[in-house]
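Have a look at input-v8.tsv; it's TSV, C-alpha atoms:
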```tsv
chain	number	residue	atom	x	y	z
A	295	MET	CA	-57.01	-141.32	-166.16
A	296	LYS	CA	-55.38	-143.95	-163.96
A	297	ILE	CA	-56.86	-147.40	-164.55
A	298	ALA	CA	-56.10	-150.46	-162.45
A	299	VAL	CA	-56.18	-153.62	-164.57
A	300	GLU	CA	-56.70	-156.93	-162.79
A	301	GLY	CA	-56.45	-160.47	-164.18
A	302	CYS	CA	-58.66	-163.20	-162.69
A	303	MET	CA	-60.60	-161.95	-159.67
A	304	HIS	CA	-61.88	-165.32	-158.40
A	305	GLY	CA	-64.11	-163.52	-155.92
A	306	ASP	CA	-61.30	-161.81	-154.02
A	307	LEU	CA	-62.68	-158.27	-154.24
A	308	ASP	CA	-61.55	-157.34	-150.73
A	309	LYS	CA	-57.94	-158.23	-151.52
A	310	VAL	CA	-57.90	-156.40	-154.85
A	311	TYR	CA	-59.42	-153.23	-153.41
A	312	GLU	CA	-56.95	-153.38	-150.50
A	313	THR	CA	-54.10	-153.66	-153.01
A	314	ILE	CA	-55.38	-150.63	-154.91
A	315	LYS	CA	-55.61	-148.64	-151.68
A	316	TYR	CA	-52.03	-149.62	-150.81
A	317	ILE	CA	-50.80	-148.49	-154.24
A	318	GLU	CA	-52.70	-145.22	-153.96
A	319	ASN	CA	-51.16	-144.51	-150.56
A	320	THR	CA	-47.60	-145.49	-151.43
A	321	ARG	CA	-47.53	-143.72	-154.82
A	322	ASN	CA	-49.73	-140.81	-153.76
A	323	ILE	CA	-52.10	-141.33	-156.69
A	324	ARG	CA	-55.82	-141.82	-157.17
A	325	VAL	CA	-57.10	-144.74	-159.22
A	326	ASP	CA	-60.13	-143.76	-161.32
A	327	LEU	CA	-61.28	-147.18	-162.52
A	328	LEU	CA	-60.74	-150.92	-162.01
A	329	LEU	CA	-61.05	-153.29	-164.97
A	330	CYS	CA	-61.30	-157.04	-164.33
A	331	CYS	CA	-60.68	-159.51	-167.15
A	332	GLY	CA	-62.96	-162.33	-166.03
A	333	ASP	CA	-63.45	-165.14	-163.50
A	334	PHE	CA	-65.04	-162.42	-161.41
A	335	GLN	CA	-67.29	-164.86	-159.50
A	336	ALA	CA	-70.21	-162.60	-158.65
A	337	ILE	CA	-71.63	-165.10	-156.16
A	338	ARG	CA	-74.53	-163.60	-154.22
A	339	ASN	CA	-75.45	-166.60	-152.04
A	340	GLU	CA	-75.04	-170.36	-151.73
A	341	LYS	CA	-77.49	-171.09	-154.55
A	342	ASP	CA	-75.32	-169.23	-157.06
A	343	MET	CA	-72.51	-171.72	-156.44
A	344	GLU	CA	-74.64	-174.38	-158.14
A	345	SER	CA	-74.04	-172.45	-161.39
A	346	LEU	CA	-70.30	-172.07	-160.80
A	347	ASN	CA	-68.21	-174.59	-162.73
A	348	VAL	CA	-65.26	-175.27	-160.44
A	349	PRO	CA	-64.09	-178.34	-158.52
A	350	PRO	CA	-65.75	-178.60	-155.07
A	351	LYS	CA	-62.55	-177.54	-153.28
A	352	TYR	CA	-62.78	-174.13	-155.00
A	353	LYS	CA	-66.43	-173.49	-154.10
A	354	GLU	CA	-66.19	-170.64	-151.62
A	355	MET	CA	-68.39	-167.61	-151.02
A	356	LYS	CA	-65.38	-165.26	-151.14
A	357	SER	CA	-66.31	-161.56	-150.83
A	358	PHE	CA	-68.58	-160.40	-153.67
A	359	TRP	CA	-71.72	-160.98	-151.58
A	360	LYS	CA	-70.68	-158.16	-149.24
A	361	TYR	CA	-70.83	-155.68	-152.12
A	362	TYR	CA	-74.07	-157.14	-153.48
A	363	SER	CA	-75.72	-156.86	-150.08
A	364	GLY	CA	-74.53	-153.31	-149.46
A	365	GLN	CA	-72.39	-154.29	-146.48
A	366	GLU	CA	-69.43	-152.96	-148.50
A	367	VAL	CA	-69.28	-150.51	-151.41
A	368	ALA	CA	-66.65	-150.75	-154.12
A	369	PRO	CA	-64.21	-147.88	-153.40
A	370	VAL	CA	-63.30	-147.65	-157.10
A	371	PRO	CA	-65.71	-147.83	-160.06
A	372	THR	CA	-65.32	-151.36	-161.39
A	373	ILE	CA	-66.08	-152.83	-164.82
A	374	PHE	CA	-65.72	-156.56	-165.48
A	375	ILE	CA	-66.35	-159.26	-168.06
A	376	GLY	CA	-67.14	-162.92	-167.46
A	377	GLY	CA	-64.71	-165.80	-167.73
A	378	ASN	CA	-65.13	-169.55	-167.36
A	379	HIS	CA	-65.58	-169.59	-163.57
A	380	GLU	CA	-68.69	-167.51	-162.95
A	381	ALA	CA	-72.10	-167.52	-161.30
A	382	SER	CA	-73.51	-167.98	-164.79
A	383	ASN	CA	-77.12	-167.79	-163.63
A	384	TYR	CA	-76.57	-164.23	-162.38
A	385	LEU	CA	-74.63	-163.08	-165.43
A	386	TRP	CA	-77.42	-164.40	-167.67
A	387	GLU	CA	-79.85	-162.05	-165.87
A	388	LEU	CA	-77.56	-159.24	-167.03
A	389	TYR	CA	-76.86	-160.55	-170.53
A	390	TYR	CA	-76.92	-157.03	-171.98
A	391	GLY	CA	-74.81	-155.63	-169.13
A	392	GLY	CA	-75.69	-153.86	-165.90
A	393	TRP	CA	-74.76	-153.26	-162.29
A	394	ALA	CA	-73.87	-156.55	-160.58
A	395	ALA	CA	-73.56	-154.53	-157.36
A	396	PRO	CA	-73.40	-150.80	-156.62
A	397	ASN	CA	-70.39	-149.32	-158.44
A	398	ILE	CA	-69.57	-152.71	-160.05
A	399	TYR	CA	-70.64	-152.93	-163.70
A	400	PHE	CA	-70.83	-156.10	-165.82
A	401	LEU	CA	-70.18	-155.41	-169.52
A	402	GLY	CA	-72.53	-158.20	-170.54
A	403	PHE	CA	-71.80	-161.22	-172.71
A	404	ALA	CA	-70.56	-158.61	-175.19
A	405	GLY	CA	-70.68	-154.88	-174.73
A	406	VAL	CA	-69.31	-151.38	-175.13
A	407	VAL	CA	-69.65	-148.53	-172.64
A	408	LYS	CA	-68.03	-145.17	-172.05
A	409	PHE	CA	-66.20	-144.14	-168.90
A	410	GLY	CA	-65.69	-140.45	-169.27
A	411	ASN	CA	-64.56	-140.16	-172.88
A	412	ILE	CA	-62.79	-143.55	-172.78
A	413	ARG	CA	-64.59	-146.21	-174.82
A	414	ILE	CA	-64.38	-149.72	-173.33
A	415	GLY	CA	-65.49	-152.90	-175.08
A	416	GLY	CA	-65.46	-156.49	-173.91
A	417	LEU	CA	-66.30	-160.11	-174.70
A	418	SER	CA	-67.16	-162.51	-171.86
A	419	GLY	CA	-66.39	-166.22	-171.74
A	420	ILE	CA	-63.86	-168.44	-173.52
A	421	TYR	CA	-63.76	-169.84	-177.04
A	422	ASN	CA	-64.74	-173.40	-177.85
A	423	ALA	CA	-65.22	-174.34	-181.50
A	424	ARG	CA	-67.86	-176.97	-180.70
A	425	HIS	CA	-70.29	-174.40	-179.33
A	426	TYR	CA	-69.25	-171.22	-181.12
A	427	HIS	CA	-71.97	-171.32	-183.80
A	428	LEU	CA	-74.81	-172.33	-181.46
A	429	GLY	CA	-77.35	-170.03	-179.91
A	430	HIS	CA	-77.51	-169.21	-176.21
A	431	HIS	CA	-79.61	-172.26	-175.36
A	432	GLU	CA	-78.48	-172.81	-171.76
A	433	ARG	CA	-80.86	-171.94	-168.91
A	434	PRO	CA	-80.53	-172.50	-165.17
A	435	PRO	CA	-80.62	-174.93	-163.50
A	436	TYR	CA	-77.67	-176.13	-165.56
A	437	ASN	CA	-76.77	-179.77	-166.14
A	438	ASP	CA	-73.26	-181.22	-166.36
A	439	ASN	CA	-72.96	-180.07	-169.97
A	440	THR	CA	-74.64	-176.67	-169.95
A	441	ILE	CA	-72.79	-175.52	-166.83
A	442	ARG	CA	-69.69	-175.63	-169.02
A	443	SER	CA	-71.09	-174.51	-172.37
A	444	VAL	CA	-72.96	-171.49	-170.97
A	445	TYR	CA	-69.73	-169.49	-170.77
A	446	HIS	CA	-68.49	-170.43	-174.24
A	447	VAL	CA	-68.26	-167.48	-176.61
A	448	ARG	CA	-70.93	-167.37	-179.34
A	449	GLU	CA	-70.61	-166.16	-182.90
A	450	TYR	CA	-73.67	-163.92	-182.45
A	451	ASP	CA	-71.98	-161.80	-179.79
A	452	VAL	CA	-68.74	-161.61	-181.75
A	453	HIS	CA	-70.65	-160.64	-184.89
A	454	LYS	CA	-72.25	-157.73	-183.06
A	455	LEU	CA	-68.85	-156.52	-181.87
A	456	MET	CA	-67.53	-156.80	-185.42
A	457	GLN	CA	-70.10	-154.15	-186.45
A	458	VAL	CA	-68.42	-151.52	-184.26
A	459	GLU	CA	-66.86	-148.84	-186.45
A	460	GLU	CA	-65.98	-146.04	-184.03
A	461	PRO	CA	-62.59	-146.28	-182.24
A	462	ILE	CA	-62.28	-148.47	-179.14
A	463	ASP	CA	-59.76	-147.36	-176.52
A	464	ILE	CA	-59.75	-150.51	-174.38
A	465	PHE	CA	-60.96	-154.04	-175.05
A	466	LEU	CA	-61.28	-156.85	-172.49
A	467	SER	CA	-61.33	-160.58	-173.15
A	468	HIS	CA	-60.84	-163.48	-170.77
A	469	ASP	CA	-58.79	-165.76	-173.01
A	470	TRP	CA	-55.99	-164.36	-175.16
A	471	PRO	CA	-56.35	-163.60	-178.86
A	472	LEU	CA	-54.98	-166.45	-180.95
A	473	GLY	CA	-51.42	-165.71	-182.07
A	474	ILE	CA	-50.81	-162.90	-179.59
A	475	THR	CA	-47.67	-164.67	-178.36
A	476	ASP	CA	-46.07	-163.94	-181.74
A	477	TYR	CA	-45.94	-160.27	-180.74
A	478	GLY	CA	-44.24	-160.72	-177.36
A	479	ASN	CA	-41.45	-162.67	-175.68
A	480	TRP	CA	-43.01	-166.12	-175.80
A	481	LYS	CA	-39.70	-167.84	-175.07
A	482	GLN	CA	-39.58	-166.13	-171.70
A	483	LEU	CA	-43.24	-167.10	-171.15
A	484	VAL	CA	-42.60	-170.82	-171.64
A	485	ARG	CA	-39.71	-170.76	-169.18
A	486	TYR	CA	-42.24	-170.70	-166.35
A	487	LYS	CA	-45.28	-171.96	-168.26
A	488	LYS	CA	-43.67	-174.94	-169.98
A	489	HIS	CA	-47.00	-176.55	-170.88
A	490	PHE	CA	-47.78	-173.62	-173.22
A	491	GLU	CA	-44.95	-174.38	-175.62
A	492	ASP	CA	-46.66	-177.05	-177.72
A	493	GLU	CA	-49.76	-174.91	-178.27
A	494	ILE	CA	-47.68	-171.86	-179.12
A	495	GLN	CA	-45.64	-173.86	-181.64
A	496	GLN	CA	-48.83	-175.35	-183.13
A	497	GLY	CA	-50.56	-171.97	-183.25
A	498	THR	CA	-53.49	-173.07	-181.08
A	499	LEU	CA	-52.96	-171.02	-177.90
A	500	GLY	CA	-55.76	-168.49	-177.73
A	501	SER	CA	-59.14	-167.55	-179.15
A	502	LYS	CA	-59.82	-167.24	-182.88
A	503	PRO	CA	-62.76	-164.84	-182.43
A	504	ALA	CA	-60.68	-162.63	-180.14
A	505	ALA	CA	-57.98	-162.50	-182.81
A	506	GLN	CA	-60.59	-161.48	-185.39
A	507	LEU	CA	-61.83	-158.72	-183.10
A	508	LEU	CA	-58.29	-157.53	-182.44
A	509	GLU	CA	-57.69	-157.24	-186.18
A	510	LYS	CA	-61.02	-155.46	-186.79
A	511	LEU	CA	-61.25	-153.11	-183.79
A	512	LYS	CA	-57.57	-152.27	-183.35
A	513	PRO	CA	-58.04	-150.91	-179.81
A	514	SER	CA	-55.28	-148.91	-178.15
A	515	TYR	CA	-55.20	-151.43	-175.29
A	516	TRP	CA	-56.27	-155.06	-174.99
A	517	PHE	CA	-56.36	-156.69	-171.54
A	518	SER	CA	-56.81	-160.42	-170.83
A	519	ALA	CA	-56.38	-163.01	-168.07
A	520	HIS	CA	-57.27	-166.75	-167.95
A	521	LEU	CA	-53.80	-168.30	-168.20
A	522	HIS	CA	-52.62	-167.05	-164.78
A	523	CYS	CA	-49.47	-165.25	-165.81
A	524	LYS	CA	-48.30	-161.85	-166.95
A	525	PHE	CA	-47.57	-161.39	-170.63
A	526	THR	CA	-47.12	-158.26	-172.71
A	527	ALA	CA	-47.13	-157.76	-176.46
A	528	LEU	CA	-47.18	-154.94	-178.97
A	529	VAL	CA	-49.32	-155.48	-182.07
A	530	GLN	CA	-48.60	-153.30	-185.08
A	531	HIS	CA	-51.63	-153.16	-187.40
A	532	GLU	CA	-50.32	-152.66	-190.93
A	533	GLU	CA	-47.00	-150.96	-191.49
A	534	GLY	CA	-47.08	-147.57	-189.81
A	535	GLY	CA	-50.65	-148.17	-188.66
A	536	GLN	CA	-52.30	-148.32	-185.27
A	537	VAL	CA	-50.65	-150.14	-182.38
A	538	THR	CA	-52.40	-152.24	-179.72
A	539	LYS	CA	-50.70	-152.67	-176.35
A	540	PHE	CA	-51.60	-156.13	-175.01
A	541	LEU	CA	-51.39	-157.04	-171.34
A	542	ALA	CA	-52.42	-160.28	-169.64
A	543	LEU	CA	-52.32	-160.60	-165.86
A	544	ASP	CA	-52.41	-163.32	-163.23
A	545	LYS	CA	-54.96	-164.22	-160.56
A	546	CYS	CA	-55.08	-162.52	-157.18
A	547	LEU	CA	-52.49	-164.31	-155.05
A	548	PRO	CA	-49.51	-163.09	-152.97
A	549	GLY	CA	-46.38	-162.61	-155.05
A	550	ARG	CA	-48.25	-162.87	-158.36
A	551	LYS	CA	-48.53	-160.21	-161.05
A	552	PHE	CA	-52.28	-159.72	-160.90
A	553	LEU	CA	-52.63	-155.93	-160.92
A	554	GLN	CA	-51.15	-153.10	-162.96
A	555	ILE	CA	-51.84	-149.37	-163.15
A	556	VAL	CA	-52.18	-147.94	-166.65
A	557	ASP	CA	-52.19	-144.20	-167.40
A	558	ILE	CA	-54.50	-143.27	-170.27
A	559	GLU	CA	-55.03	-139.80	-171.69
A	560	SER	CA	-58.58	-138.62	-171.14
A	561	ASP	CA	-60.73	-135.59	-170.61
A	562	PRO	CA	-60.76	-134.36	-167.00
A	563	GLY	CA	-63.22	-136.05	-164.62
A	564	PRO	CA	-65.47	-136.68	-162.87
A	565	PHE	CA	-65.97	-139.99	-164.65
A	566	GLU	CA	-68.97	-142.33	-164.72
A	567	VAL	CA	-70.17	-145.35	-166.66
A	568	GLN	CA	-72.37	-144.31	-169.59
A	569	TYR	CA	-74.24	-146.09	-172.35
A	570	ASP	CA	-72.56	-146.08	-175.77
A	571	GLU	CA	-74.78	-144.84	-178.59
A	572	GLU	CA	-73.29	-147.00	-181.34
A	573	TRP	CA	-73.44	-150.15	-179.23
A	574	LEU	CA	-77.08	-149.54	-178.28
A	575	ALA	CA	-77.94	-149.18	-181.97
A	576	ILE	CA	-76.16	-152.47	-182.78
A	577	THR	CA	-77.91	-154.20	-179.88
A	578	ARG	CA	-81.31	-152.95	-181.03
A	579	LYS	CA	-80.68	-153.92	-184.63
A	580	PHE	CA	-79.58	-157.49	-183.90
A	581	ASN	CA	-81.88	-158.41	-181.04
A	582	CYS	CA	-84.53	-159.65	-183.47
A	583	VAL	CA	-82.17	-162.46	-184.57
A	584	PHE	CA	-80.87	-163.32	-181.07
A	585	PRO	CA	-80.29	-167.12	-181.33
A	586	LEU	CA	-81.67	-168.90	-178.25
A	587	THR	CA	-81.57	-172.59	-179.24
A	588	THR	CA	-78.90	-175.11	-180.20
A	589	ARG	CA	-79.48	-174.25	-183.85
A	590	ARG	CA	-77.00	-172.05	-185.63
A	591	GLY	CA	-78.06	-168.42	-185.60
A	592	ASP	CA	-79.10	-166.72	-188.85
A	593	PHE	CA	-78.01	-163.13	-188.43
A	594	ARG	CA	-75.47	-162.45	-191.15
A	595	SER	CA	-78.18	-161.36	-193.60
A	596	THR	CA	-79.50	-158.72	-191.20
A	597	GLN	CA	-79.65	-155.40	-192.99
A	598	LEU	CA	-77.86	-152.78	-190.95
A	599	ASP	CA	-79.35	-149.40	-191.94
A	600	MET	CA	-77.49	-148.12	-188.92
A	601	GLN	CA	-78.04	-144.45	-189.64
A	602	ASP	CA	-81.77	-144.55	-188.88
A	603	CYS	CA	-81.17	-146.79	-185.86
A	604	ARG	CA	-78.47	-144.47	-184.52
A	605	GLN	CA	-80.74	-141.48	-184.87
A	606	TRP	CA	-83.52	-143.30	-183.00
A	607	VAL	CA	-81.13	-144.25	-180.17
A	608	LYS	CA	-79.66	-140.76	-180.03
A	609	SER	CA	-83.11	-139.27	-179.62
A	610	ARG	CA	-83.96	-141.71	-176.82
A	611	LEU	CA	-80.69	-140.99	-175.03
A	612	GLU	CA	-81.32	-137.25	-175.24
A	613	ASP	CA	-84.69	-137.78	-173.54
A	614	ARG	CA	-83.57	-140.34	-170.97
A	615	GLY	CA	-79.91	-139.64	-170.32
A	616	VAL	CA	-76.86	-141.87	-170.74
A	617	LYS	CA	-76.57	-143.40	-167.26
A	618	PRO	CA	-77.28	-147.14	-167.01
A	619	CYS	CA	-80.35	-148.32	-165.11
A	620	GLU	CA	-80.14	-148.43	-161.32
A	621	PHE	CA	-78.87	-151.53	-159.49
A	622	SER	CA	-81.44	-153.75	-157.81
A	623	GLN	CA	-81.18	-157.05	-155.95
A	624	THR	CA	-83.02	-160.04	-157.38
A	625	VAL	CA	-82.17	-162.68	-154.74
A	626	PRO	CA	-81.42	-162.50	-151.01
A	627	PRO	CA	-77.69	-161.99	-150.33
A	628	TYR	CA	-75.63	-164.51	-148.41
A	629	ASN	CA	-76.09	-164.39	-144.65
A	630	PRO	CA	-73.20	-166.04	-142.77
A	631	SER	CA	-75.51	-166.87	-139.87
A	632	HIS	CA	-78.29	-168.35	-142.01
A	633	SER	CA	-77.81	-171.04	-144.63
A	634	VAL	CA	-80.13	-171.15	-147.65
A	635	SER	CA	-78.55	-174.21	-149.24
A	636	ASN	CA	-81.84	-176.15	-149.08
A	637	THR	CA	-83.91	-173.44	-150.74
A	638	THR	CA	-85.91	-174.68	-153.72
A	639	PHE	CA	-84.57	-173.46	-157.06
A	640	SER	CA	-86.82	-170.70	-158.35
A	641	GLY	CA	-85.44	-170.22	-161.86
A	642	SER	CA	-83.68	-167.16	-163.21
A	643	PRO	CA	-85.53	-163.97	-162.23
A	644	ARG	CA	-86.13	-161.14	-164.65
A	645	ASN	CA	-83.67	-158.50	-163.55
A	646	PRO	CA	-85.33	-155.05	-163.35
A	647	GLN	CA	-82.24	-153.50	-164.94
A	648	THR	CA	-82.59	-155.73	-167.98
A	649	LEU	CA	-86.31	-155.07	-168.21
A	650	SER	CA	-85.71	-151.30	-168.06
A	651	PHE	CA	-82.91	-151.53	-170.64
A	652	LEU	CA	-85.10	-153.46	-173.08
A	653	GLU	CA	-88.04	-151.13	-172.51
A	654	PHE	CA	-85.73	-148.19	-173.27
A	655	LEU	CA	-84.71	-149.82	-176.57
A	656	ASP	CA	-88.29	-150.94	-177.27
A	657	LEU	CA	-87.26	-154.60	-177.35
A	658	PRO	CA	-88.98	-157.74	-176.02
A	659	TYR	CA	-87.60	-159.78	-173.12
A	660	VAL	CA	-86.45	-163.17	-174.48
A	661	LEU	CA	-83.88	-164.40	-171.94
A	662	ASP	CA	-86.26	-166.94	-170.40
A	663	ASN	CA	-87.36	-168.37	-173.77
A	664	VAL	CA	-86.63	-172.11	-173.69
A	665	SER	CA	-88.46	-173.37	-176.77
A	666	GLY	CA	-86.24	-175.95	-178.45
A	667	SER	CA	-83.31	-175.24	-176.16
A	668	ARG	CA	-83.25	-178.35	-174.03
A	669	ASP	CA	-84.43	-181.16	-176.26
A	670	HIS	CA	-82.46	-180.67	-179.47
A	671	PRO	CA	-78.85	-181.84	-179.45
A	672	ALA	CA	-76.27	-179.75	-181.24
A	673	PRO	CA	-75.84	-180.70	-184.91
A	674	ALA	CA	-73.04	-183.21	-185.43
A	675	SER	CA	-71.23	-180.81	-187.72
A	676	LEU	CA	-70.87	-178.38	-184.85
A	677	THR	CA	-69.67	-180.81	-182.22
A	678	GLN	CA	-66.41	-181.77	-183.87
A	679	ARG	CA	-63.20	-180.75	-182.14
A	680	ASP	CA	-62.06	-179.09	-185.33
A	681	ASP	CA	-60.45	-175.78	-184.40
A	682	TYR	CA	-59.76	-175.62	-180.74
A	683	SER	CA	-60.26	-177.86	-177.76
A	684	GLU	CA	-60.91	-176.89	-174.20
A	685	ASP	CA	-58.24	-179.14	-172.77
A	686	ILE	CA	-55.61	-178.16	-170.23
A	687	PRO	CA	-54.22	-175.53	-170.00
A	688	ILE	CA	-57.09	-173.62	-171.60
A	689	GLU	CA	-59.75	-174.20	-168.98
A	690	ASP	CA	-58.19	-175.97	-166.01
A	691	GLU	CA	-55.16	-173.83	-165.31
A	692	ASP	CA	-55.79	-173.98	-161.53
A	693	GLU	CA	-55.52	-177.76	-161.37
A	694	LEU	CA	-52.60	-177.85	-163.78
A	695	GLU	CA	-50.70	-175.35	-161.64
A	696	GLU	CA	-51.11	-177.68	-158.67
A	697	ASP	CA	-49.84	-180.61	-160.72
A	698	VAL	CA	-46.64	-178.83	-161.72
A	699	ALA	CA	-46.09	-177.01	-158.41
A	700	GLU	CA	-44.03	-179.86	-156.96
A	701	ASP	CA	-41.74	-179.95	-160.01
A	702	ASP	CA	-41.11	-176.21	-159.71
A	703	SER	CA	-40.83	-176.05	-155.93
A	704	THR	CA	-37.04	-176.14	-155.94
A	705	LYS	CA	-36.70	-173.49	-158.66
A	706	PRO	CA	-36.77	-169.69	-158.31
A	707	ASP	CA	-40.27	-168.18	-158.53
A	708	ASN	CA	-40.25	-166.24	-161.78
A	709	GLU	CA	-43.66	-164.71	-161.00
A	710	ASN	CA	-42.76	-162.94	-157.78
A	711	GLN	CA	-42.74	-159.20	-158.02
```
Target encoding structure tokens, full file:
Amino acid sequence: MKIAVEGCMHGDLDKVYETIKYIENTRNIRVDLLLCCGDFQAIRNEKDMESLNVPPKYKEMKSFWKYYSGQEVAPVPTIFIGGNHEASNYLWELYYGGWAAPNIYFLGFAGVVKFGNIRIGGLSGIYNARHYHLGHHERPPYNDNTIRSVYHVREYDVHKLMQVEEPIDIFLSHDWPLGITDYGNWKQLVRYKKHFEDEIQQGTLGSKPAAQLLEKLKPSYWFSAHLHCKFTALVQHEEGGQVTKFLALDKCLPGRKFLQIVDIESDPGPFEVQYDEEWLAITRKFNCVFPLTTRRGDFRSTQLDMQDCRQWVKSRLEDRGVKPCEFSQTVPPYNPSHSVSNTTFSGSPRNPQTLSFLEFLDLPYVLDNVSGSRDHPAPASLTQRDDYSEDIPIEDEDELEEDVAEDDSTKPDNENQ
């Protein structure tokens, strides 16, 4: 199976798909799947940009709306996770995962699916210690604080992923696992990303939960983005044990290393996105303790009894089939000839895919629960900047790149390929 891996999409679907087509034509190959490691920017219309946390100069419609509307269809099956520059209101509709557009699948805030016999897991967002232990309390319309915290990784989602026991072939995260630079050529990295050196030396560059997942899941491949550069590493788990090949890629810009083709052994096609039995069982088991306020979630005491849950899910899948629910629009797509910028905010709609998914698993819909979510501040013990801050370069790599561009303008471009 030939898989195209892309770093930060930033809404440039047209350009990425054109690049894949060029590679296919020049190499005489066929790409089976595209994986995107976050900052996808699934912006359907002008209203979605109100939930996108970027400086005003970066607020553009880009090209996702064409695929959402049906004007264009993704030429390659696409699976993506969320980053820190997203239409967070739309991704919240699809918290458990689902089709963001035809042939474009969102893995959810955390998720595992199968593509053929390849098992793909992912964790959306970026790590911030201040919000890690909180519940998913943010609801649109977001304020100046929640528009940033909504995409911060939560312990609940990581805990669910830590329950996965069956082998994972590929894992996606937006930010890098903490300490991953120890397994690659970090000295070469800091030659063209000088501002990384202090964090690498201090052991603070990356995500602690991602590092925990890397140690637990030991996937064959781990792909990331976020820091707008290419970096490779080889992680040996125990002496003579499994090896994880790590690859981080850049954002979609000319001359940047934003796309790479990876060959992975698989059963012969055709391939399609399918539900994963183990992940559905984990989702069903832990949904009853889904934390939805600023209080710390209480889910560690949840009794697994996964065997009965797995059998129940297996039986349902045998009756229903393993294909995800069908895509459906929930808001009008962008129309270049008709502005909707003055439309009154109507809240976050219940996505039919999510409703069908929850009905299939016999679970209640709780994504619009707001009890206690807006009026209770986070406990002081959870707001300390104790483990990891979200300062440059972790979240604002775009602006930092502009700041250092002038200093580097007379030097050779180490990122051209």
Which residue, A:Asp557, A:Ala368, A:Arg442, A:Gly376, has the smallest gap to A:Ala298 when you use all atoms listed in the file?
-> A:Asp557
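Proximity of A:Asn411, A:Pro548, A:Gly535, A:Glu460 to A:Thr313, computed with all atoms listed in the file, is greatest for A:Pro548.
Counting all atoms listed in the file, the residue from A:Leu543, A:Val660, A:Ala505, A:Ala423 that sits nearest to A:Ser518 is A:Leu543.
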How many Å lie between atom CA of A:Arg590 and atom CA of A:Gly429, rounded to one decimal?
-> 6.1 Å
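With distances restricted to only C-alpha atoms, A:Phe621 is the closest residue to A:Ser363 from A:Phe654, A:Phe552, A:Phe621, A:Trp480.
Of note, atom CA of A:Gln495 and atom CA of A:Ile464 are spaced 28.2 Å apart.
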Give as an mmCIF file with C-alpha atoms, in the frame of the given file the set of residues within 8 Å of the point (-60.6, -167.5, -166.2), where distances use the file's coordinates and all atoms listed in the file.
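The result, written out as out21.cif:
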```
data_model
loop_
_atom_site.group_PDB
_atom_site.id
_atom_site.type_symbol
_atom_site.label_atom_id
_atom_site.label_comp_id
_atom_site.auth_asym_id
_atom_site.auth_seq_id
_atom_site.Cartn_x
_atom_site.Cartn_y
_atom_site.Cartn_z
ATOM 1 C CA CYS A 302 -58.660 -163.200 -162.690
ATOM 2 C CA GLY A 332 -62.960 -162.330 -166.030
ATOM 3 C CA ASP A 333 -63.450 -165.140 -163.500
ATOM 4 C CA GLY A 377 -64.710 -165.800 -167.730
ATOM 5 C CA ASN A 378 -65.130 -169.550 -167.360
ATOM 6 C CA HIS A 379 -65.580 -169.590 -163.570
ATOM 7 C CA HIS A 468 -60.840 -163.480 -170.770
ATOM 8 C CA ASP A 469 -58.790 -165.760 -173.010
ATOM 9 C CA ALA A 519 -56.380 -163.010 -168.070
ATOM 10 C CA HIS A 520 -57.270 -166.750 -167.950
ATOM 11 C CA LEU A 521 -53.800 -168.300 -168.200
ATOM 12 C CA GLU A 689 -59.750 -174.200 -168.980
#
```
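For the set A:Lys356, A:Cys619, A:Asp613, A:Ile494, the residue with the smallest atom-to-atom gap to A:Pro396 is A:Cys619, counting only C-alpha atoms.
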Determine the nearest neighbour of A:Phe580 from the options A:Ser514, A:Gln457, A:Gln496, A:Ser633, counting only C-alpha atoms.
-> A:Gln457
Quick one: everything within 10 Å of A:Trp606, counting only C-alpha atoms, minus sequence neighbours fewer than 6 positions away in the same chain. Send it as a PDB file with C-alpha atoms, in the coordinates of the input.
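Resulting contents of out_38.pdb:
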```pdb
ATOM      1  CA  GLU A 571     -74.780-144.840-178.590  1.00  0.00           C
ATOM      2  CA  ALA A 575     -77.940-149.180-181.970  1.00  0.00           C
ATOM      3  CA  MET A 600     -77.490-148.120-188.920  1.00  0.00           C
ATOM      4  CA  LEU A 655     -84.710-149.820-176.570  1.00  0.00           C
TER       5      LEU A 655
END
```
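For the pair atom CA of A:Gly478 and atom CA of A:Leu528, the interatomic distance is 6.7 Å.
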Just the residues within 9 Å of A:Gln568, please, counting only C-alpha atoms, with nothing from its chain fewer than 2 positions along; format it as a PyMOL selection string.
-> chain A and resi 407-410+566+570+615-618
Could you give me, as an NGL selection string, the residues within 12 Å of A:Leu652, counting all atoms listed in the file and dropping anything in the same chain fewer than 2 positions from it?
-> :A and (388-392 or 574 or 577-578 or 581 or 618-619 or 644-650 or 654-661)
Leaving out A:Glu449 and any residue of its chain fewer than 5 positions from it, which residues lie within 12 Å of it when counting only C-alpha atoms, given as a VMD selection string?
-> chain A and resid 403 to 404 417 419 to 430 454 to 456 502 to 504 506 to 507 584 to 585 590 to 594
